[in-house]
Amino acid sequence: MGSYLRPTALGQALEALGEGPRTIVAGGTDHYPARVGRQIDEDVLDISALRELRGIADTRKQVRIGALTTWSDLVRAPLPAWFDGLKQAAREVGGLQVQNAGTLCGNVCNASPAADGVPSLLALDARVELSARDRVRELPLSEFITGNRRTQRGHDELVTALILPKPGKGARSTFLKLGARKYMVISIVMVAGVLVPGRGGKIADLRVAVGACSEVAQRLSALEADLTGRPMAAALAKPEHLAPLGPIDDIRGTAAYRRDAALTLVRRALARLMIAP
Amino acid sequence: MKRESRTVEFALNGAAVSAAVDPGSRLSEVLREDLGLKGTKVGCEAGDCGACTVLLDGEQVCACMVPAGQVAGRDVTTVEGLTAKGALNALQQAFHRHGAAQCGICTPGMLMAASDLLRRNAKPNRRAVMDALGGVLCRCTGYRKIVEAVLDVAKAQAPPVDPPAGAAVGARLAKVDGEGKLTGVEAFGDDVAPRDALLLRVARAPHARARFVIGALDRLYADHPGLLRVLTADDVPGNNGFGIYPHIKDQPVLAEDRVRYRGEAVLALVGEAAAIRAIPEEEIPIVWRPQEAVAGIESALAPDAPAVQEDKPDNVLTRGRLVKGDVDAGFAAADHVVEGAWQTGFVEHAYIEPEAGFARRVGDRIEVTVTTQAPYMDRDETAQVLGIAPEQVRIVPSACGGGFGGKLDVSVQPLLALAAWLTGRPVRCAYTRPESMASSTKRHPARITARAGCTGEGEITAFRFHGDFNTGAYASWGPTVADRVPVHCTGPYFVPNVAASSTAVLTNEPPAGAFRGFGVPQAALAHEALMDMMAEQAGIDPIEFRIKNALAAGLETATGQRLEASVGLVDCLEKVQPYWEDWRTAAVMRNAVKKTVKRGVGVGCMWYGCGNTSISNPSTMTVGVSRDGRVTLYNGAVDIGQGANTVMIQICADALGVPAGIVGYIMGDTDRTADAGKSSASRQTFVSGKAAELAGADLRAQILRLTNAGPKAIIEIGKRRITVRDGADRHEIDLAALPELEAGDVLRGSGTFDPPTTKLDENGQGVPYGTYGFAAQIAEVEVDVDLGTVKVRRMVAAHDVGRAINPVQVEGQIHGGIAQGLGLALMEEYLPGRTENLHDYLIPTVGDIPEIEVIIVEDPEPLGPYGAKGIGEPALIPTAPAILGAIYQATGLRMTRLPVTPDRLRAAILAHEKDGGNG
């Protein structure tokens, strides 16, 4: 028979995790769908009462998104333009019910290849803060997610925040999602991009990530390298830029289609980014 | 085992609640089971459908994904919290006015999602409403009326006035059963069991074809003391088989030693709810020996294919055939001959309410309260399984949260009856979403080839058709599809020479059964594409071509039936024609400048026979007046959301000559209502409606006879007396003075109607239906040619319904049919084992539905009640053909495999470009 803990202080939560593994529940939007028609009786750590983990904090160099921050919290928060892409992703997560309950950190921990938040977070160079009773560490998101539903989180660790370093001045971002219907749809392809415009219409910094086209969403480093320093007007993606992707055939689309659509979406994302708002 | 309970205190609908609950259980379960608030519905337990939407601190969330422990100290509002002192609030009133609830199962979720929006934004625009409702699925309404209702809340409206006597038919009467659907009071299949009911859980086949052995059960009983009974095939006292046809009971209630599809029922666990839920699947001792399964029509018809059913070695369940004229001569006379091949997949009904109900034994009788479309068929089926007389079985339909053909076959009925019969205790069961999807019937996948020819002037001379239909592992409605398709395969056109055939093929896949249209939507893909192709070759506008060849009164159908009246197809086509011309021209002009997003406009027509094909399908209705002046319609026509309760009352009230508002009803209880057949085949308004008219007229005649009044007399039914005014004369009937006839009634009228049909001969010739519905729909789409995505922007739907008994309901049926047709065209395909949930199997959301203009054409049917005929299935049939036609104008591609998913369309576009097509 499992136990259900809902501590009100982070220390208590980390103590509990230190004593043995538990299923961690925040918004519940991945937990319950994975247990349809089953008796739910495992040991659970419900972190929803850890108030200190909710909210978005802006420090001088970075922005910290607490583990309980929901998609709706993000959408409603007054944030600079470089959050626009992440906000667009937030608006396309499930229905509003899921956006109201589900958290960004939960999305990252669930590590679905089609996680809606991950491409934007990768493009923002997000870092994951992991806390245990005796230590705190940070990992780049790209290292944290190791595969389909696999992460580097230890059994005694809790993801307590996502940390986003501030990009350069004037940074802007975008997000495109392709699905077979409007609302509540698992992506066939997602593309997120962050652009820091430089002087003279040149690209000072560019980061592009593609989701649902490989086990873990991927940054397109060759594309980023090719275009950085180039004029914004000449920002063209080529098929070879998609080399890091390894799409599969599934019920939502063929691998060939994903590759083709990803190129289209990357081009569209670049076009959007290059137009000054 | 369940976790230990913990006391959780929170505010529920404004009142403080303290409940001892498992903090890790779903809030939906706590609300429904622990606190008894059944207004919050459960459709998927996975956040995919939104039926369980409640407000948590004022924000919409899915109660199925909220841990009960998380509501401590917070505010929870459910649908029960919307009404103040039993009165509907402004949002609920708007839903009621607009007919925004059809079956009502998604309604609580929709209301809560809208409440969240309206709390933040009192005057939202359409976009905001769609965003707010985007997380709630509805399978009935096509969402249009729901969005209109939410947009309309801010406007103060006078409450609807009930029409006076004689004016109910044609009135936009609000649903007579609407309020309960808006307050959460309406009881669906999983809302009806008593608290002490045992739970039944079915163990199902994980393999598509396998032998199995059930091992010793002592260990299972010993480890799970709450498990009271394990039911297997050996426990079935009567016939361990069910099926639609009296001579084909081929599907076992519980499999005996082999299974023929993934999801087939093998055994049932019955006992205390918590104990039954806690039994891990792997502890159930079934030893499997999987075998090579037959998947798809092609494998089934291969010469060396294993037999799905041992007595059908060729895997052919049945064949249909139709021959009229001389098809070879017809093609010889043609100047243009076109042909094609089409393919569709399994389509899931995806009613938001899974199969559910409860049964109890009462002496030597069994009572099953269940969500169903066919109470009398359920009764007879259950009786033969238990080996008892049909009169020993009582079926009480609960409210039905969507059917669309999928609740015509029994599901939980025989299992619950068996369990209650053997244990003597009330037993309940509700399928989980994956279980519902794996086990229930589907739309038949079709493989169609067809050919048609016309003269240079565009007169059709010949039509040849063959369709193979994958009927899955068991017969279900397979023979119906095989019969109905050849009859309809030419489409609603006059064709002198026809050769058509169909085959229902058995495979190790889910039984394909009845789904809104019985194979006709698949056939319509072929005939409508052929019409477009012939029109193009003959150089005639597609609508003109259809008008030229349209069936009309006086013409013969492919079965040789001479249509006498109510053939409104040309009228429908002429009604959509002005839109067609404007939209087509606008698309051409726009496409000349837009390179990526192309527009196109297409047309689809249909015809559909109302009622069973060439077999008797009578309905009987009774209307009574009690000693205290209550008027009751004993209505056996189950309301599955389509509005039968309301429409039957409108018809009966006018026939009787009293206001509809005074007529109450009892729906579908086999102990209290006569057999009005099943709610399928678009037959209830036409067949049962006629019976309701006859019943009303019969009661009226009796009242007039008792008072010796003339036919134009006015009847007023008061508390204890009936007053009849005939010109200056006034008569009274003292109800108290009359002897009781039955169930408190002192007067009763009844009516029976069976549409006139004849058997079809060996060439498929005869009169299969009493009347047909006709329609033309046009669709405008936008195709993103670089991504292969299709957005349907707007549609016009003109339907000849004979007479719209209730225009709101007719519009609702058309909106909902279009939504399902859009799903069929663009996104829906059920793959066994891979799409057994509502996030991998996609149905349209509020954001996918186009603007829809409904044009009601009324070419009266002399046989129907006040001229009416059916609309349920006709609404869906033309939609996919219209969308495919529109994709053709946008891209130059005739898509022949459904659904046209983005990857399929993009692949076709790329192949077309490679071939040098100009897109």
# chains A, B, ... in the order shown; residues from 1 in each chain; ligands from 1
call {"tool": "residues_around", "arguments": {"residues": "range 909-913 of chain B", "least_positions_apart": "6", "cutoff": "8 Å", "atoms": "only C-alpha atoms", "output": "ChimeraX atom specification"}}
result
/B:785,788,891,893,919
call {"tool": "interface_residues", "arguments": {"of": "chain B", "to": "chain A", "cutoff": "7 Å", "atoms": "only C-alpha atoms", "output": "PyMOL selection string"}}
result
chain B and resi 1-3+23-24+45-47+60-62+65-67+132+134-135+277-278+432+786-787+827+839+844-845+847-848+901-903
call {"tool": "residues_around", "arguments": {"residues": "range 562-573 of chain B", "least_positions_apart": "5", "cutoff": "10 Å", "atoms": "only C-alpha atoms", "output": "compact mmCIF listing (two decimals) with C-alpha atoms, in the first residue's frame"}}
result
# COMPACT_ATOMS: atom_id res chain seq x y z
CA PRO B 492 -28.84 10.36 -55.79
CA TYR B 493 -28.82 10.24 -59.58
CA ILE B 543 -23.38 21.36 -59.85
CA GLU B 544 -25.05 21.65 -63.27
CA ARG B 546 -25.59 16.91 -60.78
CA ILE B 547 -28.79 18.84 -61.43
CA LYS B 548 -28.97 17.31 -64.91
CA ASN B 549 -28.75 13.79 -63.49
CA ALA B 550 -30.52 14.28 -60.15
CA LEU B 551 -33.21 11.88 -59.05
CA ALA B 552 -36.63 13.47 -59.07
CA ALA B 553 -40.20 12.40 -58.42
CA GLY B 554 -41.26 10.04 -61.18
CA LEU B 555 -37.78 8.61 -61.76
CA GLU B 556 -36.58 5.14 -60.84
CA THR B 557 -33.71 4.40 -58.50
CA PRO B 578 -25.10 30.95 -55.61
CA TRP B 580 -20.78 27.80 -55.11
CA VAL B 603 -19.64 19.81 -53.56
CA GLY B 604 -21.08 16.60 -52.15
CA CYS B 605 -24.56 15.18 -52.59
CA MET B 606 -26.29 12.29 -50.92
CA TRP B 607 -29.42 10.27 -50.61
CA GLY B 766 -37.51 -3.79 -55.23
CA VAL B 767 -38.60 -1.10 -52.78
CA GLY B 770 -40.37 4.12 -47.74
CA THR B 771 -38.60 7.43 -48.21
CA TYR B 772 -35.18 8.99 -48.74
CA GLY B 773 -33.39 12.06 -47.43
CA PHE B 774 -31.48 14.21 -49.94
CA ALA B 775 -28.83 16.87 -49.54
CA ALA B 776 -26.13 18.96 -51.15
CA GLN B 777 -23.25 20.44 -49.18
CA ILE B 778 -20.42 22.63 -50.36
CA ALA B 797 -25.52 22.49 -46.19
CA ALA B 798 -28.90 22.24 -47.89
CA HIS B 799 -30.96 19.28 -46.70
CA ASP B 800 -34.37 18.09 -47.78
CA VAL B 801 -35.89 16.85 -44.52
CA GLY B 802 -39.49 16.76 -45.76
CA ARG B 803 -40.57 18.90 -42.87
CA ILE B 855 -30.52 25.64 -45.52
CA ILE B 856 -33.56 23.53 -44.70
CA VAL B 857 -35.48 22.33 -47.76
CA GLU B 858 -38.96 20.97 -47.11
CA ASP B 859 -40.29 18.76 -49.87
CA PRO B 860 -42.92 16.94 -47.83
CA GLU B 861 -43.00 13.16 -47.57
CA PRO B 862 -46.62 12.02 -47.70
CA LEU B 863 -45.89 8.97 -45.54
CA GLY B 867 -44.26 15.45 -44.10
CA ALA B 868 -41.08 14.73 -42.11
CA LYS B 869 -38.29 12.25 -42.81
call {"tool": "select_by_dssp", "arguments": {"residues": "range 230-271 of chain A", "states": "helix (DSSP H, G or I)", "output": "PyMOL selection string"}}
result
chain A and resi 232-234+239-242+255-271
call {"tool": "residues_around", "arguments": {"residues": "range 221-234 of chain A", "least_positions_apart": "3", "cutoff": "9 Å", "atoms": "only C-alpha atoms", "output": "list in words"}}
result
Pro197, Gly198, Gly200, Gly201, Lys202, Ile203, Ala204, Asp205, Leu206, Arg207, Val208, Ala209, Gln218, Ala237, Lys238, Glu240, His241, Leu242, Ala243, Pro244, Leu270, Ala271, Leu273, Met274 and Ile275 of chain A
call {"tool": "write_last_selection", "arguments": {"atoms": "C-alpha atoms", "output": "PDB file, in the first residue's frame"}}
result
ATOM      1  CA  PRO A 197      19.723  40.810 -33.926  1.00  0.00           C
ATOM      2  CA  GLY A 198      23.105  42.427 -34.420  1.00  0.00           C
ATOM      3  CA  GLY A 200      23.625  46.337 -39.701  1.00  0.00           C
ATOM      4  CA  GLY A 201      20.876  43.809 -40.069  1.00  0.00           C
ATOM      5  CA  LYS A 202      23.141  40.922 -39.149  1.00  0.00           C
ATOM      6  CA  ILE A 203      22.406  37.923 -36.961  1.00  0.00           C
ATOM      7  CA  ALA A 204      24.310  38.262 -33.699  1.00  0.00           C
ATOM      8  CA  ASP A 205      23.032  35.044 -32.198  1.00  0.00           C
ATOM      9  CA  LEU A 206      20.588  32.416 -33.439  1.00  0.00           C
ATOM     10  CA  ARG A 207      19.298  29.266 -31.799  1.00  0.00           C
ATOM     11  CA  VAL A 208      16.856  26.878 -33.416  1.00  0.00           C
ATOM     12  CA  ALA A 209      15.438  23.676 -31.954  1.00  0.00           C
ATOM     13  CA  GLN A 218      17.425  18.807 -31.027  1.00  0.00           C
ATOM     14  CA  ALA A 237      17.845  26.759 -43.976  1.00  0.00           C
ATOM     15  CA  LYS A 238      18.994  23.869 -46.147  1.00  0.00           C
ATOM     16  CA  GLU A 240      21.455  19.273 -44.568  1.00  0.00           C
ATOM     17  CA  HIS A 241      20.894  21.529 -41.595  1.00  0.00           C
ATOM     18  CA  LEU A 242      18.371  18.963 -40.344  1.00  0.00           C
ATOM     19  CA  ALA A 243      21.021  16.264 -39.981  1.00  0.00           C
ATOM     20  CA  PRO A 244      20.678  16.048 -36.163  1.00  0.00           C
ATOM     21  CA  LEU A 270      13.446  31.983 -39.490  1.00  0.00           C
ATOM     22  CA  ALA A 271      11.296  34.221 -41.664  1.00  0.00           C
ATOM     23  CA  LEU A 273      12.322  35.870 -36.520  1.00  0.00           C
ATOM     24  CA  MET A 274      14.012  37.995 -39.151  1.00  0.00           C
ATOM     25  CA  ILE A 275      11.082  40.393 -39.379  1.00  0.00           C
TER      26      ILE A 275
END
call {"tool": "atom_distance", "arguments": {"atom1": "CA of Asp235 in chain B", "atom2": "CA of Asn508 in chain B"}}
result
25.3 Å
call {"tool": "select_by_dssp", "arguments": {"residues": "range 30-244 of chain A", "states": "strand (DSSP E or B)", "output": "VMD selection string"}}
result
chain A and resid 44 to 46 56 to 58 62 to 66 70 103 127 to 132 135 to 140 145 to 147 150 to 151 158 to 165 172 to 178 189 to 197 202 to 211 218 to 219 231
call {"tool": "residues_around", "arguments": {"residues": "Gln157 in chain B", "least_positions_apart": "6", "cutoff": "10 Å", "atoms": "only C-alpha atoms", "output": "list in words"}}
result
Ala90, Gln93, Ala94 and Arg97 of chain B
